[in-house]
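J.: Let me begin by handing over the structure; questions about it come next.
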Amino acid sequence: MVINLSATPSLAGVWVGEIRDKQLQTDRMRFRRNLERIGEAAAYEISKHLSYRQTTVTTPLGTATCAVPEQQPVLATILRAGMPLHQGLLHYFDRADNAFISAYRKHHADGSFDIQLDYLSCPPLDGRVLILADPMLATGASLVKTLQCLLKEGGQPAAIHVVSALASTEGIRRVQEAFPKITLWAGDIDEQLNDKGYIVPGLGDAGDLAFGLKKQQ
Ligand SMILES: O=P(O)(O)OC[C@H]1O[C@H](OP(=O)(O)OP(=O)(O)O)[C@H](O)[C@@H]1O
Ligand SMILES: O=c1cc[nH]c(=O)[nH]1
Ligand SMILES: [Mg+2]
């Protein structure tokens with residue numbers, strides 16, 4: 001299942017518009033904060049799909065019946081561009097366990113690239129709800145490799161949600177082929193990738209915009 005958070009006009013779509021805007025995106029703090037806000041909006045939407053149990057809360061004037069999550073999700077992110085989106089999810093799922101994985105494009109002389117995974121820290125995932133944040137779902141190579149690695153290390157989650165600020169139709173297809181049951185929450189969906197595997201119109205390089213240029217690997 002794919003949900004485009006911009007399909008119904010809302011603040012989430014406004015924040016996606018701001019991270020795309022080549023003037024506004026030069027304000028690094030606003031860029032990171034907008035990614036956080038998209039993560040917060042996605043967290044609220046995902047929270048409607050979790051299981052809850054009823055509990056009783058004592059107020060100063062009596063007792064009230066309230067819902068609490070049956071279990072805490074595991075929030076996972078792909079370093080480094082995923083960090084602000086992850087932080088936004090964590091603002092809402094504030095008791096979640098967390099997993100981190102490093103993935104980057106290792107470029108070859110002919111212009112092609114592989115996805116290099118170096119670091120992985122992951123709690124047990126068996127029977128848990130896994131929410132993976134990565135702002136740019138472009139070719140889908142990073143996400144597929146990351147999910148394969150997380151599941152090999154952590155076990156089989158009960159449900160997998162992926163949150164992206166922008167997703168390409170090609171990346172969505174690739175992820176759905178590998179993981180047909182996942183739910184994908186996208187800030188918006190673009191049709192094209194350029195010859196470097198960047199989303200068009202997209203927004204540029206999310207990691208660089210959030211944290212600055214890095215030396216190409
Ligand atoms: O769908 P794909 O084609 O695999 O591309 C998407 C990946 O590219 C970005 O990371 P990047 O490699 O730029 O690393 P960074 O976070 O260090 O900038 C982004 O955060 C994804 O992980
Ligand atoms: O468009 C893209 C593709 C990969 N990574 C990015 O940051 N942007
Ligand atoms: Mg990058």
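Each chain in the structure tokens gets a letter, A, B and so on, in the order shown; residues start at 1 in every chain, and ligands are counted from 1 in the order they appear.
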Please give me, as a VMD selection string, the residues lying within 7 Å of ligand 1 when counting only C-alpha atoms and all ligand atoms.

T.: chain A and resid 78 to 82 103 to 105 115 134 to 143 171 197 205 to 208

J.: Could you write out that same residue set with N, CA and C atoms as a PDB file, in the first residue's frame?

T.:
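Just written: result05.pdb:
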ATOM      1  N   ILE A  78      18.149   5.338   7.977  1.00  0.00           N
ATOM      2  CA  ILE A  78      19.360   5.192   7.177  1.00  0.00           C
ATOM      3  C   ILE A  78      20.163   6.484   7.318  1.00  0.00           C
ATOM      4  N   LEU A  79      21.357   6.360   7.905  1.00  0.00           N
ATOM      5  CA  LEU A  79      22.235   7.519   8.060  1.00  0.00           C
ATOM      6  C   LEU A  79      22.754   7.927   6.673  1.00  0.00           C
ATOM      7  N   ARG A  80      22.961   9.231   6.417  1.00  0.00           N
ATOM      8  CA  ARG A  80      22.781  10.288   7.392  1.00  0.00           C
ATOM      9  C   ARG A  80      21.526  11.096   7.137  1.00  0.00           C
ATOM     10  N   ALA A  81      21.045  11.133   5.861  1.00  0.00           N
ATOM     11  CA  ALA A  81      19.930  12.016   5.521  1.00  0.00           C
ATOM     12  C   ALA A  81      18.657  11.678   6.299  1.00  0.00           C
ATOM     13  N   GLY A  82      18.557  10.430   6.779  1.00  0.00           N
ATOM     14  CA  GLY A  82      17.348  10.020   7.483  1.00  0.00           C
ATOM     15  C   GLY A  82      17.189  10.609   8.871  1.00  0.00           C
ATOM     16  N   ALA A 103      24.146   3.651   5.146  1.00  0.00           N
ATOM     17  CA  ALA A 103      24.151   3.217   3.741  1.00  0.00           C
ATOM     18  C   ALA A 103      24.554   4.412   2.904  1.00  0.00           C
ATOM     19  N   TYR A 104      25.418   4.196   1.960  1.00  0.00           N
ATOM     20  CA  TYR A 104      25.744   5.292   1.047  1.00  0.00           C
ATOM     21  C   TYR A 104      26.060   4.729  -0.322  1.00  0.00           C
ATOM     22  N   ARG A 105      25.973   5.613  -1.305  1.00  0.00           N
ATOM     23  CA  ARG A 105      26.267   5.216  -2.686  1.00  0.00           C
ATOM     24  C   ARG A 105      27.778   5.232  -2.884  1.00  0.00           C
ATOM     25  N   ILE A 115      25.434   0.145  -3.299  1.00  0.00           N
ATOM     26  CA  ILE A 115      25.073   0.619  -1.968  1.00  0.00           C
ATOM     27  C   ILE A 115      25.979  -0.072  -0.955  1.00  0.00           C
ATOM     28  N   ASP A 134      13.539   7.095   5.540  1.00  0.00           N
ATOM     29  CA  ASP A 134      14.589   7.531   4.610  1.00  0.00           C
ATOM     30  C   ASP A 134      13.962   8.585   3.703  1.00  0.00           C
ATOM     31  N   PRO A 135      14.492   9.829   3.732  1.00  0.00           N
ATOM     32  CA  PRO A 135      13.776  10.925   3.054  1.00  0.00           C
ATOM     33  C   PRO A 135      13.628  10.740   1.551  1.00  0.00           C
ATOM     34  N   MET A 136      14.639  10.114   0.895  1.00  0.00           N
ATOM     35  CA  MET A 136      14.595  10.031  -0.566  1.00  0.00           C
ATOM     36  C   MET A 136      14.553   8.571  -0.992  1.00  0.00           C
ATOM     37  N   LEU A 137      13.433   8.150  -1.540  1.00  0.00           N
ATOM     38  CA  LEU A 137      13.331   6.809  -2.133  1.00  0.00           C
ATOM     39  C   LEU A 137      13.497   7.018  -3.637  1.00  0.00           C
ATOM     40  N   ALA A 138      14.726   6.868  -4.117  1.00  0.00           N
ATOM     41  CA  ALA A 138      15.026   7.188  -5.527  1.00  0.00           C
ATOM     42  C   ALA A 138      14.992   5.910  -6.362  1.00  0.00           C
ATOM     43  N   THR A 139      16.153   5.225  -6.510  1.00  0.00           N
ATOM     44  CA  THR A 139      16.128   3.949  -7.242  1.00  0.00           C
ATOM     45  C   THR A 139      15.548   2.840  -6.368  1.00  0.00           C
ATOM     46  N   GLY A 140      15.575   3.042  -5.052  1.00  0.00           N
ATOM     47  CA  GLY A 140      15.082   2.018  -4.109  1.00  0.00           C
ATOM     48  C   GLY A 140      16.183   1.066  -3.662  1.00  0.00           C
ATOM     49  N   ALA A 141      17.391   1.204  -4.252  1.00  0.00           N
ATOM     50  CA  ALA A 141      18.479   0.257  -3.931  1.00  0.00           C
ATOM     51  C   ALA A 141      18.844   0.315  -2.444  1.00  0.00           C
ATOM     52  N   SER A 142      18.954   1.521  -1.882  1.00  0.00           N
ATOM     53  CA  SER A 142      19.356   1.652  -0.465  1.00  0.00           C
ATOM     54  C   SER A 142      18.311   1.020   0.441  1.00  0.00           C
ATOM     55  N   LEU A 143      17.053   1.296   0.142  1.00  0.00           N
ATOM     56  CA  LEU A 143      15.972   0.820   1.017  1.00  0.00           C
ATOM     57  C   LEU A 143      15.863  -0.703   0.988  1.00  0.00           C
ATOM     58  N   GLY A 171      11.325   3.707  -7.659  1.00  0.00           N
ATOM     59  CA  GLY A 171      11.765   3.239  -6.337  1.00  0.00           C
ATOM     60  C   GLY A 171      10.651   2.500  -5.612  1.00  0.00           C
ATOM     61  N   GLY A 197      20.417   8.909 -11.002  1.00  0.00           N
ATOM     62  CA  GLY A 197      19.541   8.290 -10.015  1.00  0.00           C
ATOM     63  C   GLY A 197      18.944   9.282  -9.038  1.00  0.00           C
ATOM     64  N   ASP A 205      20.017  16.894  -3.182  1.00  0.00           N
ATOM     65  CA  ASP A 205      20.616  15.898  -2.288  1.00  0.00           C
ATOM     66  C   ASP A 205      20.218  16.190  -0.838  1.00  0.00           C
ATOM     67  N   ALA A 206      19.363  15.353  -0.308  1.00  0.00           N
ATOM     68  CA  ALA A 206      18.805  15.617   1.028  1.00  0.00           C
ATOM     69  C   ALA A 206      19.883  15.628   2.106  1.00  0.00           C
ATOM     70  N   GLY A 207      20.847  14.707   2.006  1.00  0.00           N
ATOM     71  CA  GLY A 207      21.913  14.644   3.022  1.00  0.00           C
ATOM     72  C   GLY A 207      22.747  15.914   3.007  1.00  0.00           C
ATOM     73  N   ASP A 208      23.102  16.380   1.818  1.00  0.00           N
ATOM     74  CA  ASP A 208      23.918  17.598   1.700  1.00  0.00           C
ATOM     75  C   ASP A 208      23.134  18.822   2.185  1.00  0.00           C
TER      76      ASP A 208
END

J.: Fewer than 5 positions away in the same chain doesn't count, so skip those; otherwise give me all residues within 12 Å of Tyr44 of chain A, counting only C-alpha atoms, as a ChimeraX atom specification.

T.: /A:5,12,37-39,49-50,88-93,163,185

J.: Those same residues, written as a PDB file, in the first residue's frame with N, CA and C atoms?

T.:
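The result, stored in selection12.pdb:
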ATOM      1  N   LEU A   5       1.094  11.631   1.065  1.00  0.00           N
ATOM      2  CA  LEU A   5       0.594  12.600   2.056  1.00  0.00           C
ATOM      3  C   LEU A   5       0.199  13.927   1.419  1.00  0.00           C
ATOM      4  N   ALA A  12       1.358  19.033   5.595  1.00  0.00           N
ATOM      5  CA  ALA A  12       2.445  18.138   5.176  1.00  0.00           C
ATOM      6  C   ALA A  12       2.896  18.503   3.760  1.00  0.00           C
ATOM      7  N   ARG A  37       9.100  17.781  10.608  1.00  0.00           N
ATOM      8  CA  ARG A  37       7.638  17.981  10.621  1.00  0.00           C
ATOM      9  C   ARG A  37       6.930  16.962   9.741  1.00  0.00           C
ATOM     10  N   ILE A  38       7.564  16.608   8.603  1.00  0.00           N
ATOM     11  CA  ILE A  38       6.974  15.567   7.737  1.00  0.00           C
ATOM     12  C   ILE A  38       6.972  14.240   8.506  1.00  0.00           C
ATOM     13  N   GLY A  39       8.058  13.983   9.255  1.00  0.00           N
ATOM     14  CA  GLY A  39       8.113  12.775  10.097  1.00  0.00           C
ATOM     15  C   GLY A  39       7.014  12.785  11.155  1.00  0.00           C
ATOM     16  N   HIS A  49      -2.942   3.282  12.575  1.00  0.00           N
ATOM     17  CA  HIS A  49      -2.912   1.901  12.083  1.00  0.00           C
ATOM     18  C   HIS A  49      -2.286   0.938  13.097  1.00  0.00           C
ATOM     19  N   LEU A  50      -2.069   1.399  14.331  1.00  0.00           N
ATOM     20  CA  LEU A  50      -1.481   0.532  15.358  1.00  0.00           C
ATOM     21  C   LEU A  50      -2.592  -0.054  16.238  1.00  0.00           C
ATOM     22  N   GLY A  88      11.719  13.394  13.806  1.00  0.00           N
ATOM     23  CA  GLY A  88      10.297  13.765  13.779  1.00  0.00           C
ATOM     24  C   GLY A  88       9.417  12.607  14.211  1.00  0.00           C
ATOM     25  N   LEU A  89       9.726  11.411  13.720  1.00  0.00           N
ATOM     26  CA  LEU A  89       8.952  10.222  14.133  1.00  0.00           C
ATOM     27  C   LEU A  89       9.117   9.979  15.632  1.00  0.00           C
ATOM     28  N   LEU A  90      10.346  10.205  16.113  1.00  0.00           N
ATOM     29  CA  LEU A  90      10.646   9.964  17.529  1.00  0.00           C
ATOM     30  C   LEU A  90       9.947  10.982  18.448  1.00  0.00           C
ATOM     31  N   HIS A  91       9.686  12.196  17.921  1.00  0.00           N
ATOM     32  CA  HIS A  91       8.941  13.175  18.724  1.00  0.00           C
ATOM     33  C   HIS A  91       7.579  12.612  19.112  1.00  0.00           C
ATOM     34  N   TYR A  92       6.970  11.833  18.210  1.00  0.00           N
ATOM     35  CA  TYR A  92       5.624  11.299  18.482  1.00  0.00           C
ATOM     36  C   TYR A  92       5.680   9.911  19.099  1.00  0.00           C
ATOM     37  N   PHE A  93       6.527   9.025  18.531  1.00  0.00           N
ATOM     38  CA  PHE A  93       6.693   7.687  19.130  1.00  0.00           C
ATOM     39  C   PHE A  93       7.840   7.772  20.130  1.00  0.00           C
ATOM     40  N   VAL A 163       8.767   5.508   5.644  1.00  0.00           N
ATOM     41  CA  VAL A 163       8.406   6.924   5.522  1.00  0.00           C
ATOM     42  C   VAL A 163       9.461   7.627   4.671  1.00  0.00           C
ATOM     43  N   TRP A 185       4.645   5.489   3.167  1.00  0.00           N
ATOM     44  CA  TRP A 185       4.095   6.830   3.379  1.00  0.00           C
ATOM     45  C   TRP A 185       5.043   7.812   2.719  1.00  0.00           C
TER      46      TRP A 185
END

J.: Can you pull out the residues contacting Ala210 of chain A? Cut-off 12 Å, using only C-alpha atoms, and skip same-chain residues under 5 positions away; I want them as a PDB file with C-alpha atoms, in the first residue's frame.

T.:
ATOM      1  CA  ILE A  19      12.075  21.401   1.143  1.00  0.00           C
ATOM      2  CA  GLN A  25      16.128  24.837   1.182  1.00  0.00           C
ATOM      3  CA  THR A  26      19.360  26.853   1.607  1.00  0.00           C
ATOM      4  CA  ASP A  27      18.197  27.540   5.185  1.00  0.00           C
ATOM      5  CA  ARG A  28      19.598  24.320   6.649  1.00  0.00           C
ATOM      6  CA  MET A  29      17.785  24.610   9.940  1.00  0.00           C
ATOM      7  CA  ARG A  30      14.410  25.059   8.188  1.00  0.00           C
ATOM      8  CA  PHE A  31      15.215  22.175   5.831  1.00  0.00           C
ATOM      9  CA  ARG A  32      15.930  19.824   8.751  1.00  0.00           C
ATOM     10  CA  ARG A  33      12.921  21.073  10.713  1.00  0.00           C
ATOM     11  CA  ASN A  34      10.632  20.550   7.712  1.00  0.00           C
ATOM     12  CA  LEU A  35      11.882  16.957   7.418  1.00  0.00           C
ATOM     13  CA  GLU A  36      11.128  16.555  11.130  1.00  0.00           C
ATOM     14  CA  LEU A  79      22.235   7.519   8.060  1.00  0.00           C
ATOM     15  CA  ARG A  80      22.781  10.288   7.392  1.00  0.00           C
ATOM     16  CA  ALA A  81      19.930  12.016   5.521  1.00  0.00           C
ATOM     17  CA  GLY A  82      17.348  10.020   7.483  1.00  0.00           C
ATOM     18  CA  MET A  83      18.215  11.612  10.834  1.00  0.00           C
ATOM     19  CA  PRO A  84      15.807  14.608  10.833  1.00  0.00           C
ATOM     20  CA  LEU A  85      12.915  12.474   9.544  1.00  0.00           C
ATOM     21  CA  PRO A 135      13.776  10.925   3.054  1.00  0.00           C
ATOM     22  CA  LEU A 203      14.718  18.458  -4.235  1.00  0.00           C
ATOM     23  CA  GLY A 204      18.417  17.706  -4.813  1.00  0.00           C
ATOM     24  CA  ASP A 205      20.616  15.898  -2.288  1.00  0.00           C
TER      25      ASP A 205
END

J.: Near segment 154-162 of chain A, within 6 Å and counting only C-alpha atoms, which residues show up once chain neighbours fewer than 2 positions away are dropped, as a list in words?

T.: Pro124, Leu125, Asp126, Gly127, Arg128, Val129, Leu130, Ile131, Leu132, Ala133, Leu150, Leu151, Lys152, Ile182, Thr183 and Leu184 of chain A

J.: Output C-alpha atoms for every residue in the selection just made, as a tab-separated table (two decimals), in the first residue's frame.

T.:
chain	number	residue	atom	x	y	z
A	124	PRO	CA	14.91	-7.67	18.06
A	125	LEU	CA	12.22	-7.11	15.39
A	126	ASP	CA	10.20	-10.34	15.62
A	127	GLY	CA	6.49	-9.47	15.86
A	128	ARG	CA	7.21	-5.72	16.20
A	129	VAL	CA	6.01	-2.81	14.06
A	130	LEU	CA	9.03	-1.50	12.14
A	131	ILE	CA	8.96	2.10	10.87
A	132	LEU	CA	11.89	2.89	8.57
A	133	ALA	CA	12.68	6.52	7.72
A	150	LEU	CA	17.65	-5.29	9.15
A	151	LEU	CA	15.40	-8.36	8.82
A	152	LYS	CA	18.39	-10.71	8.64
A	182	ILE	CA	5.02	-2.95	3.30
A	183	THR	CA	3.09	0.28	3.72
A	184	LEU	CA	4.83	3.28	2.19

J.: If I take atom CA of Asp195 of chain A and atom 5 (N, counted along the ligand's line) of ligand 2, how far is one from the other in Å, to one decimal?

T.: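 Atom CA of Asp195 of chain A sits 12.6 Å away from atom 5 (N, counted along the ligand's line) of ligand 2.
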
J.: Quick one: pull the distance between atom CA of Ser164 of chain A and atom CA of Lys196 of chain A, Å, one decimal.

T.: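 That distance, rounded to one decimal, is 19.2 Å.
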
J.: Please report the interatomic distance between atom CA of Ile172 of chain A and atom CA of Phe113 of chain A in Å with one decimal.

T.: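 The value is 19.2 Å.
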
J.: Identify, with DSSP run on backbone atoms, the residues in segment 54-168 of chain A assigned to alpha helix (DSSP H), and express the list as number ranges by chain.

T.: A: 83-92, 141-154

J.: Can you write just those residues out, N, CA and C atoms, as a PDB file, in the first residue's frame?

T.:
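again-v9.pdb, written as the output of this step:
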ATOM      1  N   MET A  83      18.264  11.218   9.415  1.00  0.00           N
ATOM      2  CA  MET A  83      18.215  11.612  10.834  1.00  0.00           C
ATOM      3  C   MET A  83      17.092  12.590  11.196  1.00  0.00           C
ATOM      4  N   PRO A  84      16.887  13.690  10.431  1.00  0.00           N
ATOM      5  CA  PRO A  84      15.807  14.608  10.833  1.00  0.00           C
ATOM      6  C   PRO A  84      14.409  13.974  10.719  1.00  0.00           C
ATOM      7  N   LEU A  85      14.213  13.144   9.699  1.00  0.00           N
ATOM      8  CA  LEU A  85      12.915  12.474   9.544  1.00  0.00           C
ATOM      9  C   LEU A  85      12.687  11.512  10.726  1.00  0.00           C
ATOM     10  N   HIS A  86      13.743  10.805  11.079  1.00  0.00           N
ATOM     11  CA  HIS A  86      13.713   9.890  12.231  1.00  0.00           C
ATOM     12  C   HIS A  86      13.372  10.662  13.506  1.00  0.00           C
ATOM     13  N   GLN A  87      14.013  11.825  13.682  1.00  0.00           N
ATOM     14  CA  GLN A  87      13.771  12.630  14.893  1.00  0.00           C
ATOM     15  C   GLN A  87      12.300  13.056  14.963  1.00  0.00           C
ATOM     16  N   GLY A  88      11.719  13.394  13.806  1.00  0.00           N
ATOM     17  CA  GLY A  88      10.297  13.765  13.779  1.00  0.00           C
ATOM     18  C   GLY A  88       9.417  12.607  14.211  1.00  0.00           C
ATOM     19  N   LEU A  89       9.726  11.411  13.720  1.00  0.00           N
ATOM     20  CA  LEU A  89       8.952  10.222  14.133  1.00  0.00           C
ATOM     21  C   LEU A  89       9.117   9.979  15.632  1.00  0.00           C
ATOM     22  N   LEU A  90      10.346  10.205  16.113  1.00  0.00           N
ATOM     23  CA  LEU A  90      10.646   9.964  17.529  1.00  0.00           C
ATOM     24  C   LEU A  90       9.947  10.982  18.448  1.00  0.00           C
ATOM     25  N   HIS A  91       9.686  12.196  17.921  1.00  0.00           N
ATOM     26  CA  HIS A  91       8.941  13.175  18.724  1.00  0.00           C
ATOM     27  C   HIS A  91       7.579  12.612  19.112  1.00  0.00           C
ATOM     28  N   TYR A  92       6.970  11.833  18.210  1.00  0.00           N
ATOM     29  CA  TYR A  92       5.624  11.299  18.482  1.00  0.00           C
ATOM     30  C   TYR A  92       5.680   9.911  19.099  1.00  0.00           C
ATOM     31  N   ALA A 141      17.391   1.204  -4.252  1.00  0.00           N
ATOM     32  CA  ALA A 141      18.479   0.257  -3.931  1.00  0.00           C
ATOM     33  C   ALA A 141      18.844   0.315  -2.444  1.00  0.00           C
ATOM     34  N   SER A 142      18.954   1.521  -1.882  1.00  0.00           N
ATOM     35  CA  SER A 142      19.356   1.652  -0.465  1.00  0.00           C
ATOM     36  C   SER A 142      18.311   1.020   0.441  1.00  0.00           C
ATOM     37  N   LEU A 143      17.053   1.296   0.142  1.00  0.00           N
ATOM     38  CA  LEU A 143      15.972   0.820   1.017  1.00  0.00           C
ATOM     39  C   LEU A 143      15.863  -0.703   0.988  1.00  0.00           C
ATOM     40  N   VAL A 144      15.954  -1.288  -0.201  1.00  0.00           N
ATOM     41  CA  VAL A 144      15.826  -2.748  -0.309  1.00  0.00           C
ATOM     42  C   VAL A 144      16.981  -3.418   0.440  1.00  0.00           C
ATOM     43  N   LYS A 145      18.204  -2.923   0.207  1.00  0.00           N
ATOM     44  CA  LYS A 145      19.364  -3.535   0.860  1.00  0.00           C
ATOM     45  C   LYS A 145      19.276  -3.354   2.383  1.00  0.00           C
ATOM     46  N   THR A 146      18.847  -2.169   2.812  1.00  0.00           N
ATOM     47  CA  THR A 146      18.729  -1.892   4.245  1.00  0.00           C
ATOM     48  C   THR A 146      17.696  -2.806   4.898  1.00  0.00           C
ATOM     49  N   LEU A 147      16.538  -2.945   4.267  1.00  0.00           N
ATOM     50  CA  LEU A 147      15.490  -3.804   4.858  1.00  0.00           C
ATOM     51  C   LEU A 147      15.951  -5.256   4.909  1.00  0.00           C
ATOM     52  N   GLN A 148      16.621  -5.718   3.851  1.00  0.00           N
ATOM     53  CA  GLN A 148      17.117  -7.107   3.858  1.00  0.00           C
ATOM     54  C   GLN A 148      18.072  -7.310   5.025  1.00  0.00           C
ATOM     55  N   CYS A 149      18.935  -6.339   5.240  1.00  0.00           N
ATOM     56  CA  CYS A 149      19.945  -6.421   6.293  1.00  0.00           C
ATOM     57  C   CYS A 149      19.298  -6.354   7.684  1.00  0.00           C
ATOM     58  N   LEU A 150      18.335  -5.438   7.850  1.00  0.00           N
ATOM     59  CA  LEU A 150      17.655  -5.293   9.152  1.00  0.00           C
ATOM     60  C   LEU A 150      16.903  -6.575   9.509  1.00  0.00           C
ATOM     61  N   LEU A 151      16.208  -7.154   8.547  1.00  0.00           N
ATOM     62  CA  LEU A 151      15.403  -8.357   8.820  1.00  0.00           C
ATOM     63  C   LEU A 151      16.301  -9.568   9.085  1.00  0.00           C
ATOM     64  N   LYS A 152      17.441  -9.624   8.394  1.00  0.00           N
ATOM     65  CA  LYS A 152      18.393 -10.715   8.635  1.00  0.00           C
ATOM     66  C   LYS A 152      18.926 -10.620  10.070  1.00  0.00           C
ATOM     67  N   GLU A 153      19.201  -9.409  10.490  1.00  0.00           N
ATOM     68  CA  GLU A 153      19.774  -9.192  11.832  1.00  0.00           C
ATOM     69  C   GLU A 153      18.704  -9.283  12.927  1.00  0.00           C
ATOM     70  N   GLY A 154      17.524  -8.680  12.665  1.00  0.00           N
ATOM     71  CA  GLY A 154      16.556  -8.485  13.755  1.00  0.00           C
ATOM     72  C   GLY A 154      15.401  -9.469  13.777  1.00  0.00           C
TER      73      GLY A 154
END

J.: When you count only C-alpha atoms and all ligand atoms, which of these residues is closest to ligand 2: A:Gln192, A:Gln72, A:Thr55, A:Ser47?

T.: A:Gln192

J.: Please return, as a count of residues only, all residues of segment 71-199 of chain A that DSSP assigns to strand (DSSP E) on the basis of the backbone.

T.: 54

J.: Neighbouring residues of Leu193 of chain A were defined as those with any atom within 10 Å, considering only C-alpha atoms; residues of the same chain fewer than 5 positions away were excluded. Please report them as a PyMOL selection string.

T.: chain A and resi 138-139+168-171+198-202

J.: Smallest atom-to-atom distance to Arg95 of chain A: which of A:Gln23, A:Ala76, A:Pro69, A:Gln116, using only C-alpha atoms?

T.: A:Pro69

J.: Find the residue from A:Val74, A:Cys122, A:Val57, A:Ala64 that sits nearest to Asp94 of chain A; use only C-alpha atoms when measuring.

T.: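 Distance minimum relative to Asp94 of chain A lands on A:Val74.
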
J.: Find the residue from A:Asn194, A:Ser121, A:Thr59, A:Ser112 that sits nearest to ligand 2; use only C-alpha atoms and all ligand atoms when measuring.

T.: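 Smallest separation from ligand 2 among the options: A:Asn194.
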
J.: Nearest to Leu209 of chain A: which of A:Ala178, A:Ile46, A:Asp110, A:Lys22 is it, counting only C-alpha atoms?

T.: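 The closest residue to Leu209 of chain A is A:Lys22.
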
J.: Which residue gives the smallest distance to ligand 2 among A:Asn98, A:Val2, A:Arg174, A:Arg20, with only C-alpha atoms and all ligand atoms counted?

T.: A:Arg20
